[in-house]
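What follows is run02.csv (CSV, C-alpha atoms and all ligand atoms).
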```csv
chain,number,residue,atom,x,y,z
T,1,MET,CA,-30.8,-3.7,4.9
T,2,SER,CA,-29.2,-6.3,7.2
T,3,THR,CA,-29.2,-5.7,11.0
T,4,THR,CA,-25.4,-5.1,10.8
T,5,GLU,CA,-25.9,-2.5,8.1
T,6,ALA,CA,-28.6,-0.8,10.1
T,7,LYS,CA,-26.4,-0.6,13.2
T,8,ILE,CA,-23.6,0.8,11.1
T,9,ALA,CA,-25.8,3.5,9.6
T,10,GLU,CA,-27.1,4.3,13.1
T,11,LEU,CA,-23.6,4.7,14.6
T,12,GLU,CA,-22.4,6.7,11.6
T,13,ALA,CA,-25.3,9.1,12.1
T,14,GLU,CA,-24.6,9.4,15.8
T,15,TYR,CA,-21.0,10.1,15.0
T,16,ALA,CA,-21.9,12.8,12.5
T,17,ARG,CA,-24.3,14.6,14.8
T,18,THR,CA,-21.9,14.5,17.9
T,19,GLN,CA,-19.9,17.7,18.3
T,20,LYS,CA,-16.2,17.1,18.1
T,21,ASN,CA,-14.4,18.5,21.1
T,22,LYS,CA,-12.4,17.4,24.1
T,23,ALA,CA,-15.4,16.5,26.2
T,24,THR,CA,-16.9,14.2,23.5
T,25,GLU,CA,-13.6,12.6,22.5
T,26,GLY,CA,-14.0,9.5,24.6
T,27,HIS,CA,-17.6,8.9,23.4
T,28,LEU,CA,-16.5,9.4,19.7
T,29,GLY,CA,-13.6,7.0,20.2
T,30,LEU,CA,-15.9,4.4,21.4
T,31,ILE,CA,-18.3,4.9,18.5
T,32,LYS,CA,-15.3,4.4,16.2
T,33,ALA,CA,-14.3,1.2,17.9
T,34,LYS,CA,-17.9,-0.1,17.6
T,35,LEU,CA,-18.0,0.8,13.9
T,36,ALA,CA,-14.7,-0.9,13.2
T,37,LYS,CA,-16.1,-4.1,14.9
T,38,LEU,CA,-19.3,-4.0,13.0
T,39,ARG,CA,-17.6,-3.4,9.7
T,40,ARG,CA,-15.5,-6.4,10.4
T,41,GLU,CA,-18.6,-8.5,11.0
T,42,GLN,CA,-20.1,-7.2,7.8
T,43,GLU,CA,-16.9,-8.0,5.9
T,44,ALA,CA,-17.0,-11.6,7.3
T,45,GLN,CA,-20.7,-12.0,6.2
T,46,GLN,CA,-19.9,-10.7,2.7
T,47,SER,CA,-16.8,-12.9,2.2
T,48,ARG,CA,-18.9,-15.9,3.1
T,49,GLY,CA,-20.7,-15.2,-0.1
T,50,GLY,CA,-23.3,-12.6,0.8
T,51,GLY,CA,-22.0,-9.7,-1.2
T,52,GLY,CA,-21.2,-9.5,-4.9
T,53,GLY,CA,-17.8,-10.7,-6.1
T,54,GLY,CA,-16.8,-12.4,-2.9
T,55,GLY,CA,-13.6,-11.5,-1.0
T,56,GLU,CA,-11.1,-13.2,-3.3
T,57,GLY,CA,-8.7,-11.3,-5.5
T,58,PHE,CA,-8.2,-12.1,-9.1
T,59,ASP,CA,-6.0,-15.1,-9.6
T,60,VAL,CA,-2.9,-13.5,-11.1
T,61,LYS,CA,0.5,-15.0,-10.3
T,62,LYS,CA,2.9,-12.6,-8.5
T,63,VAL,CA,6.0,-12.4,-10.7
T,64,GLY,CA,9.0,-10.0,-10.8
T,65,ASP,CA,10.5,-7.9,-8.1
T,66,THR,CA,7.5,-6.0,-7.0
T,67,ARG,CA,3.8,-5.6,-7.7
T,68,VAL,CA,1.9,-2.3,-8.4
T,69,GLY,CA,-1.9,-2.1,-8.7
T,70,LEU,CA,-3.9,0.5,-10.7
T,71,VAL,CA,-7.0,1.5,-8.8
T,72,GLY,CA,-9.5,4.1,-9.8
T,73,PHE,CA,-13.0,5.1,-11.1
T,74,PRO,CA,-14.0,3.7,-14.5
T,75,SER,CA,-12.5,5.4,-17.6
T,76,VAL,CA,-9.8,7.4,-15.8
T,77,GLY,CA,-7.2,5.7,-18.1
T,78,LYS,CA,-5.9,2.7,-16.2
T,79,SER,CA,-5.7,0.4,-19.1
T,80,THR,CA,-4.1,3.1,-21.3
T,81,LEU,CA,-1.5,3.5,-18.6
T,82,LEU,CA,-0.8,-0.2,-18.4
T,83,THR,CA,-0.1,-0.3,-22.1
T,84,THR,CA,2.1,2.9,-21.8
T,85,LEU,CA,4.2,1.5,-18.9
T,86,THR,CA,4.5,-2.2,-20.0
T,87,GLY,CA,3.7,-2.5,-23.7
T,88,THR,CA,1.1,-5.1,-22.7
T,89,LYS,CA,-2.2,-4.4,-24.5
T,90,SER,CA,-5.2,-4.0,-22.3
T,91,GLU,CA,-8.3,-2.8,-24.0
T,92,ALA,CA,-9.0,0.9,-23.6
T,93,ALA,CA,-12.2,2.6,-24.7
T,94,ALA,CA,-14.4,5.6,-23.9
T,95,TYR,CA,-17.1,3.6,-22.2
T,96,GLU,CA,-17.1,2.6,-18.5
T,97,PHE,CA,-16.1,-0.9,-17.3
T,98,THR,CA,-14.1,-1.8,-20.4
T,99,THR,CA,-11.8,-3.8,-18.2
T,100,LEU,CA,-13.5,-6.7,-16.5
T,101,THR,CA,-10.6,-8.6,-14.9
T,102,ALA,CA,-7.0,-8.1,-13.7
T,103,ILE,CA,-4.6,-7.7,-16.6
T,104,PRO,CA,-0.9,-8.1,-15.6
T,105,GLY,CA,2.0,-6.5,-17.5
T,106,THR,CA,5.7,-6.1,-16.7
T,107,MET,CA,7.6,-2.8,-16.6
T,108,ARG,CA,11.3,-3.1,-17.0
T,109,TYR,CA,13.1,-0.3,-15.1
T,110,ARG,CA,16.7,0.0,-13.9
T,111,GLY,CA,17.1,-3.7,-14.3
T,112,ALA,CA,14.0,-4.5,-12.2
T,113,ARG,CA,10.9,-6.3,-13.3
T,114,ILE,CA,7.9,-4.5,-11.9
T,115,GLN,CA,4.6,-6.2,-12.3
T,116,ILE,CA,1.7,-3.8,-13.0
T,117,LEU,CA,-1.9,-4.9,-12.5
T,118,ASP,CA,-4.6,-3.2,-14.5
T,119,LEU,CA,-7.8,-3.6,-12.6
T,120,PRO,CA,-11.5,-3.0,-13.4
T,121,GLY,CA,-12.8,0.4,-12.4
T,122,ILE,CA,-14.4,0.7,-8.9
T,123,ILE,CA,-17.3,2.9,-7.8
T,124,GLU,CA,-18.5,4.2,-4.5
T,125,GLY,CA,-19.6,1.3,-2.2
T,126,ALA,CA,-17.1,-1.1,-3.8
T,127,ALA,CA,-15.8,-2.3,-0.4
T,128,THR,CA,-19.3,-3.3,0.7
T,129,GLY,CA,-19.9,-5.4,-2.4
T,130,LYS,CA,-20.9,-3.1,-5.3
T,131,GLY,CA,-19.8,-4.5,-8.7
T,132,ARG,CA,-16.5,-6.2,-8.7
T,133,GLY,CA,-15.3,-3.8,-6.1
T,134,ARG,CA,-14.5,-6.3,-3.4
T,135,GLN,CA,-12.4,-8.4,-5.8
T,136,VAL,CA,-10.6,-5.3,-7.1
T,137,ILE,CA,-9.8,-4.1,-3.6
T,138,SER,CA,-8.7,-7.6,-2.5
T,139,ALA,CA,-6.3,-7.6,-5.5
T,140,ALA,CA,-5.0,-4.1,-4.5
T,141,ARG,CA,-4.3,-5.5,-1.0
T,142,THR,CA,-1.7,-7.9,-2.5
T,143,CYS,CA,0.3,-5.1,-4.1
T,144,ASP,CA,3.5,-3.5,-2.8
T,145,LEU,CA,2.3,-0.1,-4.2
T,146,ILE,CA,-1.1,1.2,-5.1
T,147,MET,CA,-1.4,3.8,-7.8
T,148,ILE,CA,-4.7,5.6,-7.5
T,149,VAL,CA,-5.4,6.8,-11.0
T,150,LEU,CA,-7.4,10.0,-11.2
T,151,ASP,CA,-8.9,11.9,-14.1
T,152,ALA,CA,-7.6,15.5,-14.1
T,153,ALA,CA,-10.8,16.8,-15.5
T,154,LYS,CA,-12.9,15.2,-12.7
T,155,PRO,CA,-13.6,16.7,-9.3
T,156,VAL,CA,-10.9,16.3,-6.6
T,157,THR,CA,-13.6,14.6,-4.4
T,158,HIS,CA,-12.9,11.4,-6.4
T,159,LYS,CA,-9.7,11.0,-4.6
T,160,PHE,CA,-11.4,10.8,-1.3
T,161,LEU,CA,-14.1,8.5,-2.5
T,162,ILE,CA,-11.5,6.0,-3.8
T,163,GLU,CA,-9.5,6.3,-0.6
T,164,ARG,CA,-12.5,5.7,1.5
T,165,GLU,CA,-13.2,2.4,-0.2
T,166,LEU,CA,-9.7,1.2,0.4
T,167,ILE,CA,-9.8,2.4,4.0
T,168,ASN,CA,-13.1,0.6,4.7
T,169,PHE,CA,-11.4,-2.6,3.5
T,170,GLY,CA,-8.6,-2.3,6.0
T,171,ILE,CA,-6.0,-0.8,3.7
T,172,ARG,CA,-3.9,2.1,5.1
T,173,LEU,CA,-2.2,4.3,2.5
T,174,ASN,CA,1.2,5.9,3.1
T,175,GLU,CA,1.0,5.1,6.8
T,176,GLU,CA,3.6,3.3,8.8
T,177,PRO,CA,2.3,0.4,10.9
T,178,PRO,CA,1.6,1.5,14.5
T,179,GLN,CA,4.4,0.9,17.0
T,180,VAL,CA,1.9,-0.7,19.4
T,181,LEU,CA,2.1,-4.2,20.8
T,182,ILE,CA,-0.8,-6.1,22.3
T,183,LYS,CA,-0.1,-9.3,24.1
T,184,ARG,CA,-2.8,-11.5,25.4
T,185,LYS,CA,-2.4,-13.2,28.8
T,186,ASP,CA,-4.5,-15.7,30.8
T,187,LYS,CA,-5.5,-13.4,33.6
T,188,GLY,CA,-4.4,-10.2,35.4
T,189,GLY,CA,-6.5,-7.5,33.6
T,190,ILE,CA,-5.3,-4.8,31.3
T,191,ASP,CA,-1.8,-3.4,31.7
T,192,ILE,CA,-0.9,-0.4,29.6
T,193,GLN,CA,2.7,0.7,29.2
T,194,GLU,CA,3.5,4.1,27.7
T,195,ILE,CA,7.0,4.0,26.3
T,196,VAL,CA,6.2,7.4,24.7
T,197,PRO,CA,3.9,10.1,26.3
T,198,GLN,CA,0.4,10.0,24.8
T,199,THR,CA,-0.8,13.4,23.6
T,200,LYS,CA,-3.3,12.5,20.9
T,201,GLY,CA,-6.4,11.6,23.0
T,202,LEU,CA,-5.5,7.9,23.7
T,203,THR,CA,-5.8,8.0,27.5
T,204,LYS,CA,-5.4,4.8,29.5
T,205,GLU,CA,-9.1,5.0,30.2
T,206,MET,CA,-9.9,5.3,26.5
T,207,ALA,CA,-7.6,2.4,25.6
T,208,THR,CA,-9.2,0.3,28.2
T,209,ARG,CA,-12.7,1.0,27.0
T,210,ILE,CA,-11.7,0.1,23.4
T,211,LEU,CA,-10.1,-3.1,24.5
T,212,LYS,CA,-13.2,-4.1,26.5
T,213,GLU,CA,-15.4,-3.4,23.5
T,214,TYR,CA,-13.4,-6.1,21.8
T,215,LYS,CA,-13.7,-8.3,25.0
T,216,MET,CA,-9.9,-8.2,25.6
T,217,SER,CA,-9.8,-8.1,29.3
T,218,SER,CA,-6.4,-9.6,30.0
T,219,VAL,CA,-3.7,-8.0,27.8
T,220,THR,CA,-0.4,-6.2,28.1
T,221,VAL,CA,-0.3,-3.1,25.8
T,222,THR,CA,3.0,-1.4,24.9
T,223,LEU,CA,2.7,2.0,23.3
T,224,ARG,CA,5.9,2.7,21.5
T,225,GLU,CA,4.5,5.7,19.6
T,226,ASP,CA,2.3,8.7,20.4
T,227,CYS,CA,-0.8,6.9,19.1
T,228,THR,CA,-4.1,8.3,17.9
T,229,ILE,CA,-7.4,6.6,18.8
T,230,ASP,CA,-7.8,5.5,15.1
T,231,ARG,CA,-4.5,3.8,14.9
T,232,PHE,CA,-5.1,2.1,18.2
T,233,ILE,CA,-8.4,0.7,17.0
T,234,ASP,CA,-6.5,-0.5,13.9
T,235,VAL,CA,-4.2,-2.5,16.0
T,236,VAL,CA,-7.0,-3.9,18.2
T,237,ASP,CA,-9.3,-4.7,15.3
T,238,GLY,CA,-6.3,-6.2,13.4
T,239,LYS,CA,-6.0,-7.3,9.8
T,240,ARG,CA,-4.8,-4.0,8.5
T,241,THR,CA,-2.5,-3.7,5.5
T,242,TYR,CA,-0.1,-0.8,5.2
T,243,ILE,CA,0.7,0.0,1.6
T,244,PRO,CA,2.5,3.0,0.0
T,245,ALA,CA,0.4,4.9,-2.6
T,246,LEU,CA,0.9,7.3,-5.5
T,247,TYR,CA,-1.8,9.5,-6.9
T,248,VAL,CA,-1.5,9.5,-10.6
T,249,MET,CA,-3.3,12.5,-12.1
T,250,ASN,CA,-3.9,11.4,-15.7
T,251,LYS,CA,-5.2,13.3,-18.8
T,252,ILE,CA,-3.3,16.5,-17.9
T,253,ASP,CA,-3.5,17.3,-21.6
T,254,GLN,CA,-6.9,18.7,-20.7
T,255,LEU,CA,-5.5,21.1,-18.0
T,256,THR,CA,-4.2,24.7,-18.1
T,257,ILE,CA,-0.6,25.4,-17.1
T,258,GLU,CA,-2.0,27.2,-13.9
T,259,GLU,CA,-3.9,24.1,-12.9
T,260,LEU,CA,-0.8,21.9,-13.5
T,261,ASP,CA,1.3,24.1,-11.3
T,262,ILE,CA,-1.0,23.4,-8.4
T,263,ILE,CA,-0.9,19.6,-8.8
T,264,ASP,CA,2.8,19.7,-9.1
T,265,GLN,CA,3.1,20.9,-5.5
T,266,MET,CA,1.0,18.2,-3.9
T,267,PRO,CA,2.9,15.4,-2.2
T,268,ASN,CA,2.7,11.9,-3.7
T,269,TYR,CA,1.0,13.3,-6.8
T,270,VAL,CA,2.4,12.6,-10.3
T,271,PRO,CA,0.7,14.4,-13.2
T,272,ILE,CA,0.8,12.5,-16.5
T,273,SER,CA,-0.9,12.1,-19.8
T,274,SER,CA,-1.0,8.5,-20.7
T,275,ARG,CA,-2.3,9.2,-24.1
T,276,ASP,CA,0.4,11.8,-25.0
T,277,GLN,CA,3.1,10.0,-23.0
T,278,TRP,CA,3.8,13.1,-20.9
T,279,ASN,CA,5.9,12.8,-17.7
T,280,ILE,CA,6.1,9.0,-17.9
T,281,ASP,CA,9.7,9.0,-16.8
T,282,ASP,CA,8.9,10.9,-13.7
T,283,LEU,CA,6.2,8.3,-12.9
T,284,MET,CA,8.6,5.4,-13.3
T,285,SER,CA,11.1,7.0,-11.0
T,286,ALA,CA,8.4,7.8,-8.5
T,287,ILE,CA,7.3,4.1,-8.6
T,288,TRP,CA,10.9,3.1,-7.9
T,289,ASP,CA,11.3,5.5,-5.0
T,290,LYS,CA,7.9,4.6,-3.4
T,291,CYS,CA,8.7,0.8,-3.6
T,292,ASN,CA,12.1,1.4,-1.8
T,293,MET,CA,13.8,-0.4,-4.6
T,294,LEU,CA,17.5,-0.8,-4.9
T,295,ARG,CA,20.0,-2.5,-7.2
T,296,ILE,CA,22.9,-4.6,-6.0
T,297,TYR,CA,25.5,-5.8,-8.5
T,298,THR,CA,27.2,-9.1,-8.0
T,299,LYS,CA,30.9,-9.4,-8.7
T,300,PRO,CA,32.3,-12.9,-9.2
T,301,LYS,CA,36.0,-13.1,-8.1
T,302,GLY,CA,38.4,-11.7,-10.7
T,303,GLN,CA,35.6,-10.5,-13.0
T,304,ILE,CA,33.8,-7.2,-13.6
T,305,PRO,CA,30.3,-6.8,-12.1
T,306,ASP,CA,27.3,-7.7,-14.1
T,307,TYR,CA,25.7,-4.3,-14.5
T,308,ASP,CA,22.9,-5.6,-16.8
T,309,GLU,CA,21.4,-7.9,-14.2
T,310,PRO,CA,21.3,-6.3,-10.8
T,311,VAL,CA,19.7,-8.1,-7.9
T,312,VAL,CA,16.7,-6.0,-7.0
T,313,LEU,CA,15.7,-5.6,-3.4
T,314,HIS,CA,12.8,-3.7,-2.0
T,315,ALA,CA,13.3,-3.0,1.6
T,316,THR,CA,14.3,-0.1,3.8
T,317,ASN,CA,17.9,-0.7,5.0
T,318,PRO,CA,18.4,-4.2,3.5
T,319,THR,CA,21.3,-6.2,5.0
T,320,VAL,CA,23.9,-8.4,3.3
T,321,GLU,CA,22.0,-11.4,4.7
T,322,GLN,CA,18.7,-10.3,3.0
T,323,PHE,CA,20.6,-9.9,-0.2
T,324,CYS,CA,22.0,-13.4,0.1
T,325,ASN,CA,18.6,-14.9,0.8
T,326,ARG,CA,17.2,-13.1,-2.2
T,327,LEU,CA,19.9,-14.8,-4.3
T,328,HIS,CA,19.6,-18.3,-2.9
T,329,LYS,CA,18.7,-20.0,0.3
T,330,ALA,CA,21.8,-22.1,0.3
T,331,ILE,CA,24.2,-19.2,0.6
T,332,MET,CA,23.8,-18.1,4.2
T,333,PRO,CA,24.8,-21.4,5.9
T,334,LEU,CA,28.2,-21.1,4.0
T,335,PHE,CA,28.6,-17.3,4.4
T,336,LYS,CA,32.0,-16.1,5.8
T,337,TYR,CA,32.1,-12.4,4.9
T,338,ALA,CA,31.6,-10.1,1.9
T,339,TRP,CA,33.5,-7.5,0.0
T,340,VAL,CA,31.5,-4.4,-0.8
T,341,TRP,CA,32.2,-1.5,-3.1
T,342,GLY,CA,29.9,1.6,-3.2
T,343,SER,CA,28.3,4.3,-1.0
T,344,SER,CA,27.6,2.1,2.0
T,345,VAL,CA,31.3,1.6,2.8
T,346,ARG,CA,34.2,3.9,3.6
T,347,HIS,CA,37.0,1.8,2.0
T,348,GLN,CA,36.7,0.4,-1.5
T,349,PRO,CA,36.3,-2.5,-1.1
T,350,GLN,CA,35.5,-3.1,2.5
T,351,LYS,CA,35.1,-6.4,4.3
T,352,VAL,CA,31.7,-6.6,5.9
T,353,GLY,CA,29.6,-9.1,7.9
T,354,LYS,CA,26.0,-10.3,7.3
T,355,ASP,CA,24.4,-7.4,9.2
T,356,HIS,CA,26.0,-4.7,7.0
T,357,ILE,CA,23.4,-2.4,5.4
T,358,LEU,CA,23.6,-2.0,1.6
T,359,ASN,CA,22.9,1.1,-0.5
T,360,ASP,CA,21.5,1.4,-4.1
T,361,GLU,CA,24.1,0.3,-6.7
T,362,ASP,CA,26.5,-1.3,-4.2
T,363,ILE,CA,28.7,-4.0,-5.7
T,364,ILE,CA,29.1,-7.2,-3.6
T,365,GLN,CA,31.3,-10.3,-3.6
T,366,ILE,CA,30.4,-13.1,-1.2
T,367,VAL,CA,33.2,-15.1,0.3
T,368,LYS,CA,32.1,-18.5,1.5
T,369,ARG,CA,33.5,-20.9,4.0
T,370,VAL,CA,35.3,-23.8,2.4
P,401,LIG,N1,-7.3,13.0,-23.1
P,401,LIG,C1,-6.9,11.9,-22.6
P,401,LIG,N2,-7.6,10.8,-22.7
P,401,LIG,C2,-7.1,9.6,-22.2
P,401,LIG,C3,-5.8,9.6,-21.6
P,401,LIG,N3,-5.6,8.3,-21.1
P,401,LIG,C4,-6.7,7.6,-21.5
P,401,LIG,N4,-7.6,8.4,-22.2
P,401,LIG,C5,-8.9,8.0,-22.7
P,401,LIG,O1,-9.8,7.7,-21.7
P,401,LIG,C6,-10.7,6.7,-22.1
P,401,LIG,C7,-10.7,5.6,-21.0
P,401,LIG,O2,-9.4,4.9,-21.0
P,401,LIG,P1,-9.2,3.5,-20.4
P,401,LIG,O3,-7.8,3.2,-20.5
P,401,LIG,O4,-10.1,2.5,-21.0
P,401,LIG,O5,-9.7,3.8,-18.9
P,401,LIG,P2,-9.8,2.7,-17.7
P,401,LIG,O6,-9.6,3.4,-16.5
P,401,LIG,O7,-9.0,1.5,-18.0
P,401,LIG,O8,-11.4,2.3,-17.9
P,401,LIG,P3,-12.2,1.0,-17.3
P,401,LIG,O9,-11.5,-0.2,-17.6
P,401,LIG,O10,-13.5,1.1,-18.0
P,401,LIG,O11,-12.3,1.3,-15.8
P,401,LIG,C8,-10.3,6.2,-23.4
P,401,LIG,O12,-11.1,6.8,-24.4
P,401,LIG,C9,-8.9,6.7,-23.5
P,401,LIG,O13,-8.4,6.9,-24.8
P,401,LIG,C10,-5.1,10.8,-21.5
P,401,LIG,O14,-4.0,10.8,-20.9
P,401,LIG,N5,-5.6,11.9,-22.0
P,402,K,K,-12.9,2.6,-20.2
P,403,MG,MG,-9.6,-0.5,-18.2
```

Let me see whether you can do it: turn the structure in this file into structure tokens.
Ligand SMILES: Nc1nc2c(ncn2[C@@H]2O[C@H](COP(=O)(O)OP(=O)(O)OP(=O)(O)O)[C@@H](O)[C@H]2O)c(=O)[nH]1
Ligand SMILES: [K+]
Ligand SMILES: [Mg+2]
Amino acid sequence: MSTTEAKIAELEAEYARTQKNKATEGHLGLIKAKLAKLRREQEAQQSRGGGGGGGEGFDVKKVGDTRVGLVGFPSVGKSTLLTTLTGTKSEAAAYEFTTLTAIPGTMRYRGARIQILDLPGIIEGAATGKGRGRQVISAARTCDLIMIVLDAAKPVTHKFLIERELINFGIRLNEEPPQVLIKRKDKGGIDIQEIVPQTKGLTKEMATRILKEYKMSSVTVTLREDCTIDRFIDVVDGKRTYIPALYVMNKIDQLTIEELDIIDQMPNYVPISSRDQWNIDDLMSAIWDKCNMLRIYTKPKGQIPDYDEPVVLHATNPTVEQFCNRLHKAIMPLFKYAWVWGSSVRHQPQKVGKDHILNDEDIIQIVKRV
């Protein structure tokens, strides 16, 4: 065991045996900050070549409108699912670690090209270098959506084990990035501005102690949300990736109706059977929603829109400007205004500027300066 590993184990033990209450909150917060810092050091050591697999993802080119990664324990059915969704054959078999590298496929859905990455199975300890774990998680980090694939016949604890690996690697699932700004300055100490009242344990004293742990002694902190200690540490420690996630419960052909009813009520869960092709349509539409995808149809002057080839955007509240830039860089410098038909406008069509926000299935015609 390296010294870093030993220190981590020691702090984890201390955290576990400390009672969790108001009086110990500050102490626990500090342990968390120290742990985050040590994990970062460990991560740096491993990506320098210490741990198995290195910190690099698999070298698969990003193509299409968005990228979705399949992450899960071995033999939960990731490769079977890739083939079901994309038609691309990825070897599936009853033994563990059938897949040894990243296999990309393309799912066509509502005019969009969605790249799906089948990945090798991961096991506990993946983030710290077991098996190809680090490579798999690095690849997951490049995705716009992570699908955590679970075997319906396996214990629910598997979900938490997989999540923990991703979390230990700095990935945050279904979490918005914290509205916290930290600006370094040359001198003048720590200045904390609470735009929103802090009710979740992050006192100014606590924040200051965490910052000092990271040797940040001259900074301005702006708290624009009611922030938890964990989320504050995430900002201070840095290098976090915020990615939406779906929990795909596969092999439901092995469940009873009663068991299925329970899964159906859990948020972000999609029950499927990859083998029997059950509920695949629901999964596709859940992928679409989770990626914030929308289709915009272009309409050349005097012609009907091209409904077969939408321009696909994935963004919350995309503007006309974002749409134009997705089409071509050369458009915006010549942009005058646009005509829009659809649910984002009151009149059909309506003349709009570059900051207008588009809705799914809007039709647009760009008018350029001549
Ligand atoms: N009953 C049932 N079996 C399935 C389903 N999907 C996959 N399987 C079986 O589960 C086994 C593992 O499937 P794979 O697709 O190889 O699983 P994987 O997650 O890619 O496995 P690794 O690449 O080894 O990590 C195979 O025997 C599949 O036929 C399903 O929906 N129901
Ligand atoms: K397998
Ligand atoms: Mg596989």

Please provide as a count of residues only all residues within 12 Å of T:Gly189, with the sequence filter that same-chain residues fewer than 4 positions apart are discarded (counting only C-alpha atoms). 13

Distance limit 8 Å, reference ligand LIG 401 (chain P), atoms considered: all atoms listed in the file. Which residues make the cut? Give them as a ChimeraX atom specification. /T:72-81,90-100,118-122,149,250-254,272-277

Mind checking which residues fall within 12 Å of T:Ala9, counting all atoms listed in the file, ignoring those fewer than 6 positions away in the same chain, and posting them as a PDB file with C-alpha atoms, in the frame of the given file?
```pdb
ATOM      1  CA  MET T   1     -30.800  -3.700   4.900  1.00  0.00           C
ATOM      2  CA  SER T   2     -29.200  -6.300   7.200  1.00  0.00           C
ATOM      3  CA  THR T   3     -29.200  -5.700  11.000  1.00  0.00           C
ATOM      4  CA  TYR T  15     -21.000  10.100  15.000  1.00  0.00           C
ATOM      5  CA  ALA T  16     -21.900  12.800  12.500  1.00  0.00           C
ATOM      6  CA  ILE T  31     -18.300   4.900  18.500  1.00  0.00           C
ATOM      7  CA  LYS T  34     -17.900  -0.100  17.600  1.00  0.00           C
ATOM      8  CA  LEU T  35     -18.000   0.800  13.900  1.00  0.00           C
ATOM      9  CA  LEU T  38     -19.300  -4.000  13.000  1.00  0.00           C
ATOM     10  CA  ARG T  39     -17.600  -3.400   9.700  1.00  0.00           C
TER      11      ARG T  39
END
```

Radius query 7 Å about (26.8, 2.2, 1.5), atoms used: only C-alpha atoms, as a compact mmCIF listing (two decimals) with C-alpha atoms, in the coordinates of the input:
```
# COMPACT_ATOMS: atom_id res chain seq x y z
CA GLY T 342 29.90 1.60 -3.20
CA SER T 343 28.30 4.30 -1.00
CA SER T 344 27.60 2.10 2.00
CA VAL T 345 31.30 1.60 2.80
CA ILE T 357 23.40 -2.40 5.40
CA LEU T 358 23.60 -2.00 1.60
CA ASN T 359 22.90 1.10 -0.50
CA ASP T 362 26.50 -1.30 -4.20
```

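Atom pair atom CA of T:Glu259 / atom CA of T:Lys154 has a distance of 12.7 Å (rounded to one decimal).
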
Env of stretch 25-27 of chain T: 9 Å cut, atoms = only C-alpha atoms, seq-sep filter 3 positions within chain, self excluded. Answer as a PyMOL selection string. chain T and resi 18+20-22+30-32+201-203+205-206+209

How would the residues just picked look written out with C-alpha atoms as a PDB file, in the frame of the given file?
```
ATOM      1  CA  THR T  18     -21.900  14.500  17.900  1.00  0.00           C
ATOM      2  CA  LYS T  20     -16.200  17.100  18.100  1.00  0.00           C
ATOM      3  CA  ASN T  21     -14.400  18.500  21.100  1.00  0.00           C
ATOM      4  CA  LYS T  22     -12.400  17.400  24.100  1.00  0.00           C
ATOM      5  CA  LEU T  30     -15.900   4.400  21.400  1.00  0.00           C
ATOM      6  CA  ILE T  31     -18.300   4.900  18.500  1.00  0.00           C
ATOM      7  CA  LYS T  32     -15.300   4.400  16.200  1.00  0.00           C
ATOM      8  CA  GLY T 201      -6.400  11.600  23.000  1.00  0.00           C
ATOM      9  CA  LEU T 202      -5.500   7.900  23.700  1.00  0.00           C
ATOM     10  CA  THR T 203      -5.800   8.000  27.500  1.00  0.00           C
ATOM     11  CA  GLU T 205      -9.100   5.000  30.200  1.00  0.00           C
ATOM     12  CA  MET T 206      -9.900   5.300  26.500  1.00  0.00           C
ATOM     13  CA  ARG T 209     -12.700   1.000  27.000  1.00  0.00           C
TER      14      ARG T 209
END
```

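You will find atom CA of T:Ile364 at 10.7 Å from atom CA of T:Asp306.
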
One residue among T:His328, T:Arg295, T:Lys89, T:Arg40 is nearest to ligand MG 403 (chain P) when using only C-alpha atoms and all ligand atoms, and that residue is T:Lys89

I'd like the contact shell of T:Asn292 - 10 Å cut-off, all atoms listed in the file, skipping same-chain residues fewer than 3 positions apart - returned as number ranges by chain. T: 144, 244, 286-289, 313-318, 360

Selection file, C-alpha atoms, as a short mmCIF file (atom, residue, chain, number, x, y, z; two decimals), in the coordinates of the input:
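out.cif was written with the following content:
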```cif
data_model
loop_
_atom_site.label_atom_id
_atom_site.label_comp_id
_atom_site.auth_asym_id
_atom_site.auth_seq_id
_atom_site.Cartn_x
_atom_site.Cartn_y
_atom_site.Cartn_z
CA ASP T 144 3.50 -3.50 -2.80
CA PRO T 244 2.50 3.00 0.00
CA ALA T 286 8.40 7.80 -8.50
CA ILE T 287 7.30 4.10 -8.60
CA TRP T 288 10.90 3.10 -7.90
CA ASP T 289 11.30 5.50 -5.00
CA LEU T 313 15.70 -5.60 -3.40
CA HIS T 314 12.80 -3.70 -2.00
CA ALA T 315 13.30 -3.00 1.60
CA THR T 316 14.30 -0.10 3.80
CA ASN T 317 17.90 -0.70 5.00
CA PRO T 318 18.40 -4.20 3.50
CA ASP T 360 21.50 1.40 -4.10
#
```

Which residues are close to T:Glu165, i.e. within 12 Å by all atoms listed in the file, leaving aside same-chain residues fewer than 5 positions away? Reply as a ChimeraX atom specification. /T:71-73,122-130,133-134,136-138,140-141,148,158-160,170-173

Taking into account only C-alpha atoms and all ligand atoms, which residue in the set T:Glu163, T:Asp151, T:Arg17, T:Arg132 is nearest to ligand K 402 (chain P)?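 Residue with the minimum atom-to-atom distance to ligand K 402 (chain P): T:Asp151.
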
Restricting the calculation to all atoms listed in the file, which member of T:Leu161, T:Tyr109, T:Glu213, T:Thr83 is positioned closest to ligand MG 403 (chain P)?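 Using all atoms listed in the file, the shortest distance to ligand MG 403 (chain P) belongs to T:Thr83.
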
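Of the listed residues (T:Leu11, T:Leu28, T:Leu82, T:Val320), T:Leu82 comes nearest to ligand MG 403 (chain P); the distances count only C-alpha atoms and all ligand atoms.
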
Do you know which residues lie at most 12 Å from (-4.4, 19.8, -9.7), with coordinates as in the file and all atoms listed in the file counted, and could you write them as an MDAnalysis selection string? chainID T and resid 150:157 159 247:252 254:267 269:272
